[in-house]
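A.B. asks: File follows, work_4.json with JSON, C-alpha atoms and all ligand atoms:
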```
[["chain", "number", "residue", "atom", "x", "y", "z"],
["A", 1, "MET", "CA", -4.72, 3.06, -29.83],
["A", 2, "PRO", "CA", -1.35, 3.65, -31.60],
["A", 3, "PHE", "CA", 1.67, 4.09, -29.34],
["A", 4, "LYS", "CA", 3.67, 6.52, -31.48],
["A", 5, "ASN", "CA", 4.20, 9.81, -29.57],
["A", 6, "ARG", "CA", 1.95, 8.61, -26.75],
["A", 7, "ASP", "CA", 2.64, 9.56, -23.12],
["A", 8, "ILE", "CA", 2.86, 6.61, -20.71],
["A", 9, "ILE", "CA", 1.53, 8.12, -17.49],
["A", 10, "SER", "CA", -1.12, 5.91, -15.92],
["A", 11, "ILE", "CA", -2.14, 2.29, -16.22],
["A", 12, "TYR", "CA", -5.74, 3.56, -16.47],
["A", 13, "ASP", "CA", -4.80, 4.77, -19.99],
["A", 14, "PHE", "CA", -4.14, 1.19, -21.16],
["A", 15, "SER", "CA", -6.78, -1.07, -22.67],
["A", 16, "LYS", "CA", -6.36, -4.83, -22.44],
["A", 17, "SER", "CA", -5.21, -4.95, -26.07],
["A", 18, "ASP", "CA", -2.64, -2.19, -25.34],
["A", 19, "LEU", "CA", -1.22, -4.25, -22.48],
["A", 20, "LEU", "CA", -1.05, -7.41, -24.57],
["A", 21, "HIS", "CA", 0.55, -5.53, -27.46],
["A", 22, "VAL", "CA", 3.40, -4.22, -25.27],
["A", 23, "LEU", "CA", 3.98, -7.75, -23.94],
["A", 24, "LYS", "CA", 4.09, -9.12, -27.50],
["A", 25, "VAL", "CA", 6.64, -6.51, -28.62],
["A", 26, "ALA", "CA", 8.66, -7.14, -25.44],
["A", 27, "ALA", "CA", 8.81, -10.88, -26.25],
["A", 28, "ALA", "CA", 10.14, -9.99, -29.73],
["A", 29, "MET", "CA", 12.72, -7.64, -28.15],
["A", 30, "GLU", "CA", 13.89, -10.44, -25.86],
["A", 31, "LYS", "CA", 14.54, -12.66, -28.89],
["A", 32, "THR", "CA", 16.67, -9.96, -30.60],
["A", 33, "PRO", "CA", 18.58, -8.32, -27.76],
["A", 34, "ARG", "CA", 20.57, -5.75, -29.80],
["A", 35, "SER", "CA", 19.59, -3.66, -32.81],
["A", 36, "SER", "CA", 19.84, -0.13, -34.19],
["A", 37, "LEU", "CA", 16.13, 0.63, -33.91],
["A", 38, "LEU", "CA", 16.69, 3.86, -31.94],
["A", 39, "LYS", "CA", 19.90, 5.08, -33.56],
["A", 40, "GLY", "CA", 19.96, 8.89, -33.52],
["A", 41, "LYS", "CA", 17.38, 9.17, -30.69],
["A", 42, "ILE", "CA", 18.15, 10.59, -27.23],
["A", 43, "LEU", "CA", 16.40, 9.60, -24.01],
["A", 44, "GLY", "CA", 16.32, 12.05, -21.08],
["A", 45, "THR", "CA", 16.21, 10.29, -17.69],
["A", 46, "LEU", "CA", 14.99, 12.76, -15.07],
["A", 47, "PHE", "CA", 15.14, 11.10, -11.66],
["A", 48, "PHE", "CA", 14.13, 13.44, -8.86],
["A", 49, "GLU", "CA", 13.93, 10.38, -6.55],
["A", 50, "PRO", "CA", 16.34, 7.46, -6.02],
["A", 51, "SER", "CA", 16.23, 4.48, -8.37],
["A", 52, "THR", "CA", 18.46, 1.56, -9.28],
["A", 53, "ARG", "CA", 16.38, -0.72, -11.51],
["A", 54, "THR", "CA", 14.15, 1.70, -13.37],
["A", 55, "ARG", "CA", 16.80, 4.24, -14.33],
["A", 56, "LEU", "CA", 19.47, 1.70, -15.22],
["A", 57, "SER", "CA", 17.15, -0.61, -17.14],
["A", 58, "PHE", "CA", 15.80, 2.32, -19.19],
["A", 59, "THR", "CA", 19.41, 3.35, -19.86],
["A", 60, "SER", "CA", 20.46, -0.16, -20.83],
["A", 61, "ALA", "CA", 17.35, -0.64, -22.99],
["A", 62, "MET", "CA", 18.03, 2.59, -24.89],
["A", 63, "GLU", "CA", 21.71, 1.80, -25.38],
["A", 64, "GLN", "CA", 20.99, -1.77, -26.54],
["A", 65, "LEU", "CA", 18.83, -0.22, -29.28],
["A", 66, "ASP", "CA", 21.72, 2.12, -30.26],
["A", 67, "GLY", "CA", 20.07, 5.20, -28.76],
["A", 68, "GLN", "CA", 21.75, 7.69, -26.43],
["A", 69, "VAL", "CA", 20.90, 8.72, -22.88],
["A", 70, "MET", "CA", 21.39, 11.91, -20.88],
["A", 71, "GLY", "CA", 19.92, 12.87, -17.55],
["A", 72, "PHE", "CA", 20.35, 12.98, -13.80],
["A", 73, "ALA", "CA", 19.92, 10.57, -10.90],
["A", 74, "THR", "CA", 19.18, 13.16, -8.22],
["A", 75, "SER", "CA", 17.55, 16.57, -8.19],
["A", 76, "ALA", "CA", 20.52, 17.80, -6.10],
["A", 77, "VAL", "CA", 22.49, 18.51, -9.29],
["A", 78, "THR", "CA", 19.67, 20.33, -11.11],
["A", 79, "SER", "CA", 18.33, 23.85, -11.17],
["A", 80, "ALA", "CA", 15.31, 22.61, -9.20],
["A", 81, "ARG", "CA", 17.63, 23.37, -6.27],
["A", 82, "LYS", "CA", 17.64, 27.02, -7.39],
["A", 83, "GLY", "CA", 13.86, 27.10, -7.48],
["A", 84, "GLU", "CA", 13.15, 26.19, -11.12],
["A", 85, "THR", "CA", 9.66, 24.74, -11.50],
["A", 86, "LEU", "CA", 9.11, 21.30, -12.98],
["A", 87, "TRP", "CA", 7.15, 22.92, -15.81],
["A", 88, "ASP", "CA", 10.08, 25.17, -16.78],
["A", 89, "SER", "CA", 12.60, 22.33, -16.45],
["A", 90, "ILE", "CA", 10.57, 20.21, -18.87],
["A", 91, "LYS", "CA", 10.25, 23.13, -21.34],
["A", 92, "MET", "CA", 14.07, 23.24, -21.42],
["A", 93, "ILE", "CA", 14.85, 19.54, -21.44],
["A", 94, "GLU", "CA", 12.44, 18.75, -24.27],
["A", 95, "GLN", "CA", 14.70, 20.80, -26.53],
["A", 96, "TYR", "CA", 17.65, 18.48, -25.80],
["A", 97, "VAL", "CA", 16.08, 14.99, -26.07],
["A", 98, "ASP", "CA", 13.47, 12.99, -28.04],
["A", 99, "ILE", "CA", 11.70, 11.32, -25.12],
["A", 100, "ILE", "CA", 11.60, 11.84, -21.35],
["A", 101, "VAL", "CA", 11.44, 9.29, -18.52],
["A", 102, "ILE", "CA", 10.63, 10.97, -15.21],
["A", 103, "ARG", "CA", 10.49, 9.85, -11.57],
["A", 104, "HIS", "CA", 9.33, 12.45, -9.08],
["A", 105, "PRO", "CA", 8.03, 12.35, -5.49],
["A", 106, "GLN", "CA", 4.88, 14.37, -6.24],
["A", 107, "GLU", "CA", 1.75, 12.52, -7.31],
["A", 108, "GLY", "CA", 0.61, 13.91, -10.66],
["A", 109, "SER", "CA", 4.09, 15.20, -11.59],
["A", 110, "ALA", "CA", 4.43, 12.91, -14.62],
["A", 111, "ARG", "CA", 1.05, 14.10, -15.93],
["A", 112, "LEU", "CA", 2.15, 17.72, -15.42],
["A", 113, "ALA", "CA", 5.40, 17.00, -17.29],
["A", 114, "SER", "CA", 3.44, 15.47, -20.17],
["A", 115, "GLU", "CA", 1.29, 18.61, -20.37],
["A", 116, "ALA", "CA", 4.40, 20.80, -20.47],
["A", 117, "ALA", "CA", 6.20, 18.69, -23.10],
["A", 118, "LYS", "CA", 5.51, 18.30, -26.80],
["A", 119, "ILE", "CA", 7.67, 15.15, -26.83],
["A", 120, "PRO", "CA", 6.52, 11.87, -25.21],
["A", 121, "VAL", "CA", 6.84, 11.46, -21.43],
["A", 122, "ILE", "CA", 7.03, 8.14, -19.56],
["A", 123, "ASN", "CA", 6.14, 7.97, -15.87],
["A", 124, "ALA", "CA", 8.81, 6.08, -13.91],
["A", 125, "GLY", "CA", 6.93, 6.55, -10.62],
["A", 126, "ASP", "CA", 5.10, 9.59, -9.24],
["A", 127, "GLY", "CA", 4.99, 9.51, -5.46],
["A", 128, "SER", "CA", 2.57, 6.87, -4.15],
["A", 129, "ASN", "CA", 0.44, 7.11, -7.26],
["A", 130, "GLN", "CA", 1.52, 4.91, -10.17],
["A", 131, "HIS", "CA", 4.47, 3.08, -11.76],
["A", 132, "PRO", "CA", 3.07, 1.87, -15.08],
["A", 133, "THR", "CA", 6.30, 0.55, -16.63],
["A", 134, "GLN", "CA", 6.87, -1.59, -13.52],
["A", 135, "THR", "CA", 3.37, -2.97, -14.04],
["A", 136, "LEU", "CA", 4.12, -3.92, -17.62],
["A", 137, "LEU", "CA", 7.22, -5.83, -16.56],
["A", 138, "ASP", "CA", 5.22, -7.42, -13.73],
["A", 139, "LEU", "CA", 2.60, -8.64, -16.22],
["A", 140, "TYR", "CA", 5.36, -9.89, -18.50],
["A", 141, "THR", "CA", 6.86, -11.81, -15.56],
["A", 142, "ILE", "CA", 3.53, -13.34, -14.58],
["A", 143, "GLN", "CA", 2.86, -14.38, -18.17],
["A", 144, "LYS", "CA", 6.32, -15.93, -18.49],
["A", 145, "THR", "CA", 6.43, -17.72, -15.14],
["A", 146, "LYS", "CA", 2.77, -18.78, -14.84],
["A", 147, "GLY", "CA", 2.03, -19.13, -18.57],
["A", 148, "ARG", "CA", -1.15, -17.05, -18.31],
["A", 149, "LEU", "CA", -2.71, -13.79, -17.17],
["A", 150, "ASP", "CA", -6.20, -15.24, -16.62],
["A", 151, "ASN", "CA", -7.41, -17.58, -13.84],
["A", 152, "LEU", "CA", -5.05, -16.35, -11.14],
["A", 153, "LYS", "CA", -5.25, -15.80, -7.42],
["A", 154, "ILE", "CA", -2.90, -12.93, -6.59],
["A", 155, "GLY", "CA", -1.76, -12.01, -3.09],
["A", 156, "MET", "CA", -0.42, -8.50, -2.53],
["A", 157, "LEU", "CA", 1.48, -8.14, 0.74],
["A", 158, "GLY", "CA", 2.88, -5.26, 2.76],
["A", 159, "ASP", "CA", 2.53, -1.54, 2.15],
["A", 160, "LEU", "CA", -0.54, -1.45, -0.08],
["A", 161, "LYS", "CA", -1.35, 2.14, 0.92],
["A", 162, "TYR", "CA", 1.79, 3.84, -0.39],
["A", 163, "GLY", "CA", 2.96, 1.11, -2.81],
["A", 164, "ARG", "CA", 2.47, 2.51, -6.30],
["A", 165, "THR", "CA", 3.43, -0.80, -7.94],
["A", 166, "VAL", "CA", 0.50, -2.67, -6.39],
["A", 167, "HIS", "CA", -1.92, 0.12, -7.33],
["A", 168, "SER", "CA", -0.96, -0.06, -11.00],
["A", 169, "LEU", "CA", -0.79, -3.87, -11.06],
["A", 170, "ALA", "CA", -4.23, -4.35, -9.51],
["A", 171, "ILE", "CA", -5.80, -2.13, -12.17],
["A", 172, "ALA", "CA", -3.91, -3.82, -15.02],
["A", 173, "LEU", "CA", -4.85, -7.35, -13.88],
["A", 174, "SER", "CA", -8.50, -6.32, -13.56],
["A", 175, "HIS", "CA", -8.68, -6.53, -17.39],
["A", 176, "PHE", "CA", -8.15, -10.28, -17.27],
["A", 177, "THR", "CA", -10.61, -13.13, -16.63],
["A", 178, "ASN", "CA", -11.19, -14.88, -13.32],
["A", 179, "ILE", "CA", -8.72, -12.88, -11.25],
["A", 180, "LYS", "CA", -9.07, -12.76, -7.48],
["A", 181, "PHE", "CA", -6.98, -10.57, -5.19],
["A", 182, "TYR", "CA", -5.95, -11.13, -1.57],
["A", 183, "PHE", "CA", -4.79, -7.86, -0.03],
["A", 184, "ILE", "CA", -2.58, -8.74, 2.95],
["A", 185, "ALA", "CA", -1.75, -5.68, 5.04],
["A", 186, "PRO", "CA", -2.39, -4.07, 8.41],
["A", 187, "ASP", "CA", -5.47, -1.86, 8.43],
["A", 188, "ALA", "CA", -3.36, 1.33, 8.35],
["A", 189, "LEU", "CA", -1.64, 0.20, 5.14],
["A", 190, "ARG", "CA", -4.63, -1.35, 3.36],
["A", 191, "MET", "CA", -5.26, -0.96, -0.38],
["A", 192, "PRO", "CA", -6.70, 2.56, -0.88],
["A", 193, "LYS", "CA", -10.44, 2.99, -1.49],
["A", 194, "GLU", "CA", -9.89, 4.33, -5.02],
["A", 195, "TYR", "CA", -8.43, 0.98, -6.11],
["A", 196, "ARG", "CA", -10.88, -1.17, -4.12],
["A", 197, "ASP", "CA", -13.74, 0.78, -5.70],
["A", 198, "ALA", "CA", -12.26, 0.42, -9.18],
["A", 199, "LEU", "CA", -12.08, -3.37, -8.72],
["A", 200, "SER", "CA", -15.62, -3.55, -7.31],
["A", 201, "GLU", "CA", -16.98, -1.57, -10.26],
["A", 202, "LYS", "CA", -15.44, -4.14, -12.61],
["A", 203, "GLY", "CA", -16.75, -7.06, -10.52],
["A", 204, "VAL", "CA", -13.22, -8.23, -9.60],
["A", 205, "PRO", "CA", -13.33, -10.04, -6.23],
["A", 206, "PHE", "CA", -10.88, -9.34, -3.42],
["A", 207, "GLU", "CA", -10.41, -10.30, 0.21],
["A", 208, "GLU", "CA", -8.52, -8.30, 2.82],
["A", 209, "THR", "CA", -6.61, -9.83, 5.72],
["A", 210, "GLU", "CA", -3.63, -9.08, 7.95],
["A", 211, "ASN", "CA", -2.63, -12.75, 8.15],
["A", 212, "LEU", "CA", -0.69, -14.18, 5.20],
["A", 213, "PHE", "CA", -1.08, -17.77, 6.40],
["A", 214, "GLU", "CA", -4.88, -17.50, 6.28],
["A", 215, "VAL", "CA", -4.73, -17.26, 2.49],
["A", 216, "SER", "CA", -1.25, -18.37, 1.34],
["A", 217, "LYS", "CA", -2.39, -21.88, 0.27],
["A", 218, "ASP", "CA", -4.82, -20.32, -2.25],
["A", 219, "LEU", "CA", -2.28, -18.15, -4.06],
["A", 220, "ASP", "CA", -0.75, -18.55, -7.53],
["A", 221, "VAL", "CA", 1.34, -15.37, -7.15],
["A", 222, "LEU", "CA", 2.47, -13.59, -4.01],
["A", 223, "TYR", "CA", 3.56, -10.02, -4.72],
["A", 224, "ALA", "CA", 5.47, -8.71, -1.70],
["A", 225, "THR", "CA", 6.29, -5.03, -1.18],
["A", 226, "ARG", "CA", 8.56, -3.01, 1.07],
["A", 227, "ILE", "CA", 7.13, -0.89, 3.89],
["A", 228, "GLN", "CA", 8.16, 2.45, 2.42],
["A", 229, "LYS", "CA", 9.77, 4.53, 5.13],
["A", 230, "GLU", "CA", 10.09, 7.56, 2.85],
["A", 231, "ARG", "CA", 6.30, 7.83, 2.33],
["A", 232, "PHE", "CA", 5.24, 7.92, 6.00],
["A", 233, "PRO", "CA", 4.38, 11.46, 7.17],
["A", 234, "ASP", "CA", 5.12, 10.34, 10.78],
["A", 235, "PRO", "CA", 8.36, 8.34, 11.37],
["A", 236, "LEU", "CA", 6.81, 6.78, 14.50],
["A", 237, "GLU", "CA", 4.07, 5.25, 12.32],
["A", 238, "TYR", "CA", 6.77, 3.66, 10.17],
["A", 239, "GLU", "CA", 8.42, 2.19, 13.29],
["A", 240, "LYS", "CA", 5.10, 0.48, 14.11],
["A", 241, "TYR", "CA", 4.92, -1.36, 10.80],
["A", 242, "LYS", "CA", 8.51, -1.97, 9.70],
["A", 243, "GLY", "CA", 9.35, -5.67, 9.66],
["A", 244, "ILE", "CA", 5.69, -6.67, 10.03],
["A", 245, "TYR", "CA", 6.02, -9.30, 7.29],
["A", 246, "ARG", "CA", 9.08, -11.42, 6.66],
["A", 247, "LEU", "CA", 8.83, -14.26, 4.16],
["A", 248, "ASP", "CA", 11.16, -17.14, 4.97],
["A", 249, "LYS", "CA", 11.29, -20.92, 4.61],
["A", 250, "THR", "CA", 8.38, -21.41, 7.01],
["A", 251, "LEU", "CA", 6.21, -20.15, 4.13],
["A", 252, "LEU", "CA", 7.14, -23.16, 1.98],
["A", 253, "THR", "CA", 4.86, -25.59, 3.83],
["A", 254, "HIS", "CA", 1.87, -23.22, 3.45],
["A", 255, "ILE", "CA", 1.84, -22.67, -0.34],
["A", 256, "LYS", "CA", 0.96, -24.33, -3.65],
["A", 257, "PRO", "CA", 3.94, -26.07, -5.29],
["A", 258, "ASP", "CA", 3.90, -23.62, -8.19],
["A", 259, "LEU", "CA", 3.51, -20.36, -6.25],
["A", 260, "ARG", "CA", 5.60, -17.53, -7.69],
["A", 261, "ILE", "CA", 6.97, -14.90, -5.29],
["A", 262, "MET", "CA", 7.42, -11.46, -6.85],
["A", 263, "HIS", "CA", 8.72, -8.17, -5.47],
["A", 264, "PRO", "CA", 9.40, -4.90, -7.33],
["A", 265, "LEU", "CA", 12.59, -4.49, -5.25],
["A", 266, "PRO", "CA", 14.44, -3.06, -3.44],
["A", 267, "ARG", "CA", 13.68, -5.35, -0.51],
["A", 268, "VAL", "CA", 14.71, -4.49, 3.02],
["A", 269, "ASP", "CA", 13.83, -7.44, 5.25],
["A", 270, "GLU", "CA", 10.48, -8.62, 3.89],
["A", 271, "ILE", "CA", 11.95, -11.59, 1.97],
["A", 272, "SER", "CA", 14.70, -13.65, 3.57],
["A", 273, "PRO", "CA", 17.60, -14.42, 1.19],
["A", 274, "GLU", "CA", 17.04, -18.10, 2.07],
["A", 275, "LEU", "CA", 14.13, -18.03, -0.41],
["A", 276, "ASP", "CA", 16.25, -16.65, -3.27],
["A", 277, "ASP", "CA", 17.36, -20.04, -4.58],
["A", 278, "THR", "CA", 13.93, -21.67, -4.40],
["A", 279, "LYS", "CA", 11.86, -22.24, -7.54],
["A", 280, "HIS", "CA", 9.28, -19.84, -6.11],
["A", 281, "ALA", "CA", 11.47, -16.72, -6.16],
["A", 282, "VAL", "CA", 11.21, -14.82, -9.45],
["A", 283, "TYR", "CA", 12.02, -11.29, -8.24],
["A", 284, "PHE", "CA", 15.46, -11.03, -9.82],
["A", 285, "GLU", "CA", 14.16, -12.41, -13.12],
["A", 286, "GLN", "CA", 11.31, -9.88, -12.75],
["A", 287, "ALA", "CA", 13.82, -7.00, -12.52],
["A", 288, "GLY", "CA", 15.63, -8.37, -15.59],
["A", 289, "ASN", "CA", 12.37, -8.29, -17.52],
["A", 290, "GLY", "CA", 12.58, -4.50, -17.28],
["A", 291, "ILE", "CA", 14.95, -4.59, -20.23],
["A", 292, "PRO", "CA", 12.72, -6.14, -22.95],
["A", 293, "VAL", "CA", 9.64, -4.35, -21.65],
["A", 294, "ARG", "CA", 11.29, -0.91, -21.55],
["A", 295, "LYS", "CA", 12.86, -1.52, -24.97],
["A", 296, "ALA", "CA", 9.38, -2.28, -26.28],
["A", 297, "LEU", "CA", 7.94, 0.90, -24.77],
["A", 298, "LEU", "CA", 10.76, 3.13, -26.09],
["A", 299, "ALA", "CA", 10.55, 1.61, -29.57],
["A", 300, "LEU", "CA", 6.74, 1.85, -29.69],
["A", 301, "VAL", "CA", 6.52, 5.42, -28.41],
["A", 302, "LEU", "CA", 9.34, 6.60, -30.70],
["A", 303, "GLY", "CA", 7.63, 4.96, -33.64],
["A", 304, "ALA", "CA", 10.43, 2.49, -34.41],
["A", 305, "VAL", "CA", 7.97, -0.42, -34.21],
["A", 306, "LYS", "CA", 4.18, -0.55, -34.48],
["B", 1, "LIG", "N1", 11.21, -1.39, -8.82],
["B", 1, "LIG", "C1", 11.75, -0.15, -8.85],
["B", 1, "LIG", "O1", 11.09, 0.83, -9.24],
["B", 1, "LIG", "O2", 13.04, -0.10, -8.44],
["B", 1, "LIG", "P1", 13.93, 1.22, -8.36],
["B", 1, "LIG", "O3", 13.30, 2.11, -7.31],
["B", 1, "LIG", "O4", 15.31, 0.75, -8.00],
["B", 1, "LIG", "O5", 13.87, 1.89, -9.71]]
```
With the file now loaded, output its structure as structure tokens.
Ligand code: CP

C.D. replies:
Amino acid sequence: MPFKNRDIISIYDFSKSDLLHVLKVAAAMEKTPRSSLLKGKILGTLFFEPSTRTRLSFTSAMEQLDGQVMGFATSAVTSARKGETLWDSIKMIEQYVDIIVIRHPQEGSARLASEAAKIPVINAGDGSNQHPTQTLLDLYTIQKTKGRLDNLKIGMLGDLKYGRTVHSLAIALSHFTNIKFYFIAPDALRMPKEYRDALSEKGVPFEETENLFEVSKDLDVLYATRIQKERFPDPLEYEKYKGIYRLDKTLLTHIKPDLRIMHPLPRVDEISPELDDTKHAVYFEQAGNGIPVRKALLALVLGAVK
């Protein structure tokens, strides 16, 4: 399906060839870091929730392609504080910009924004639901650091219930051949049924365990996530699970030599900095891959490349 004017809301909307096409364009973007592909275009960055990587990498990507950026990093400075609905806000903002990137705490908010807007909308994270552009940069990172997207054993660790990045990534990887997942989480934070069912329907195998060391020797990629304090309805529940996993050098004797450790970041205490300089840690490179991937998405959706 062509990308021009397309909304990027859910990873379910991507076919395997769509995913591979974005990765191919991203690789081309990485080879030619600066160009004037988006000269005259304006990106609106609407961040109703905190972000460092996603907002800044979209901004940098747009500016490296000679486009302009306007927006906000917190809803505190917007008329949402005066009671304006998201629908009305989008109806206004679409008159000022050519494309919108939105992060919002409500699940389904990006879809609602895309229904309100005539211009393209990109989901930069809607509550615990999805984070499709993170998934594209995760796939790009796996392809670059493992050399393949097929024949992989992927561990996902931590807050699999509220972690939107693992939801989107599991669905995206289910398009590829001979993938097996290991969901490593306490029962209360296990991968939601919707995603387990989606994998089962596609015949993608997965195991669930609370114990990383039971499965760590099998893994090609370990994707760690933060226990997300802000998503817990009950703060006491968060206290029970915070710090439950902490990757440190003791992991190194229980893994394959070419294991890659990924994390969408920010981390709190789930990966010790002592792992940062090991060949296994690719999480900072992963964050950097947000630039070529988000350039590719902006250029595709704005019709600057096919
Ligand atoms: N990975 C990610 O979405 O990071 P930010 O919350 O900093 O954007």

A.B. asks: Quick check, in Å to one decimal: how far apart do CA of Leu65 in chain A and CA of Ser35 in chain A lie?

C.D. replies: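 Distance between the two atoms: 5.0 Å.
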
A.B. asks: Report as a PyMOL selection string which protein, DNA and RNA residues come within 12 Å of ligand LIG 1 (chain B), using all atoms listed in the file.

C.D. replies: chain A and resi 45+47-59+73+101-105+123-128+130-138+163-166+224-226+228+230+262-267+283-284+286-290

A.B. asks: Find the spatial neighbours of range 180-190 of chain A, counting all atoms listed in the file, within a cut-off of 8 Å - ignore same-chain residues fewer than 3 positions away - and output them as a list in words.

C.D. replies: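 Here the qualifying residues turn out to be Leu152, Lys153, Ile154, Gly155, Met156, Leu157, Gly158, Asp159, Leu160, Lys161, Tyr162, Val204, Pro205, Phe206, Glu207, Glu208, Thr209, Glu210, Asn211, Leu212 and Val215 of chain A.
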
A.B. asks: Which one of A:Met29, A:Asp7, A:Gly67, A:Ser89 sits closest to Lys118 in chain A if you count all atoms listed in the file?

C.D. replies: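 Looking only at the distances to Lys118 in chain A, the closest residue turns out to be A:Asp7.
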
A.B. asks: List as number ranges by chain the protein and nucleic acid residues near Leu149 in chain A, meaning an atom at most 9 Å away when all atoms listed in the file are counted, but skip any in the same chain fewer than 3 places from it.

C.D. replies: A: 139, 142-143, 146, 152, 173, 176-177, 179

A.B. asks: To one decimal place, how far is CA of Leu199 in chain A from CA of Gly108 in chain A in Å?

C.D. replies: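 If I compute the distance from CA of Leu199 in chain A to CA of Gly108 in chain A, I get 21.5 Å.
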
A.B. asks: Give me the residues within 6 Å of Val221 in chain A as a VMD selection string, counting only C-alpha atoms and dropping any in the same chain fewer than 6 places off.

C.D. replies: chain A and resid 154 259 to 261

A.B. asks: If I take CA of Asn151 in chain A and CA of Asp218 in chain A, how far is one from the other in Å, to one decimal?

C.D. replies: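 Straight-line distance from CA of Asn151 in chain A to CA of Asp218 in chain A works out to 12.2 Å.
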
A.B. asks: Within 12 Å of Lys31 in chain A, counting all atoms listed in the file, which residues qualify if same-chain residues fewer than 3 places away don't, as a PyMOL selection string?

C.D. replies: chain A and resi 24-28+34-35+291-292+295-296

A.B. asks: Could you give me the axis-aligned bounding box of range 140-148 of chain A, with 5 Å of padding per side, as centre plus edge lengths in Å to one decimal, as lines of an AutoDock Vina configuration file?

C.D. replies:
```
center_x = 2.9
center_y = -14.5
center_z = -16.6
size_x = 18.0
size_y = 19.2
size_z = 14.0
```

A.B. asks: Name the residues, using the chain letters and numbers of the file, that sit within 12 Å of (9.3, -13.3, 7.3) when counting only C-alpha atoms, and give them as a list in words.

C.D. replies: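 Those residues lying close to the given coordinates are Leu157, Gly158, Asn211, Leu212, Phe213, Ala224, Lys242, Gly243, Ile244, Tyr245, Arg246, Leu247, Asp248, Lys249, Thr250, Leu251, Leu252, Arg267, Val268, Asp269, Glu270, Ile271, Ser272, Pro273, Glu274 and Leu275 of chain A.
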
A.B. asks: Could you check which of A:Glu239, A:Asp18, A:Glu63, A:Glu30 is closest to Lys144 in chain A, using only C-alpha atoms?

C.D. replies: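 Among A:Glu239, A:Asp18, A:Glu63, A:Glu30, it is A:Glu30 that comes nearest to Lys144 in chain A.
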
A.B. asks: Looking at only C-alpha atoms, which of A:Gly203, A:Ile90, A:Lys256, A:Asp234 is the one that sits closest to Asp220 in chain A?

C.D. replies: A:Lys256
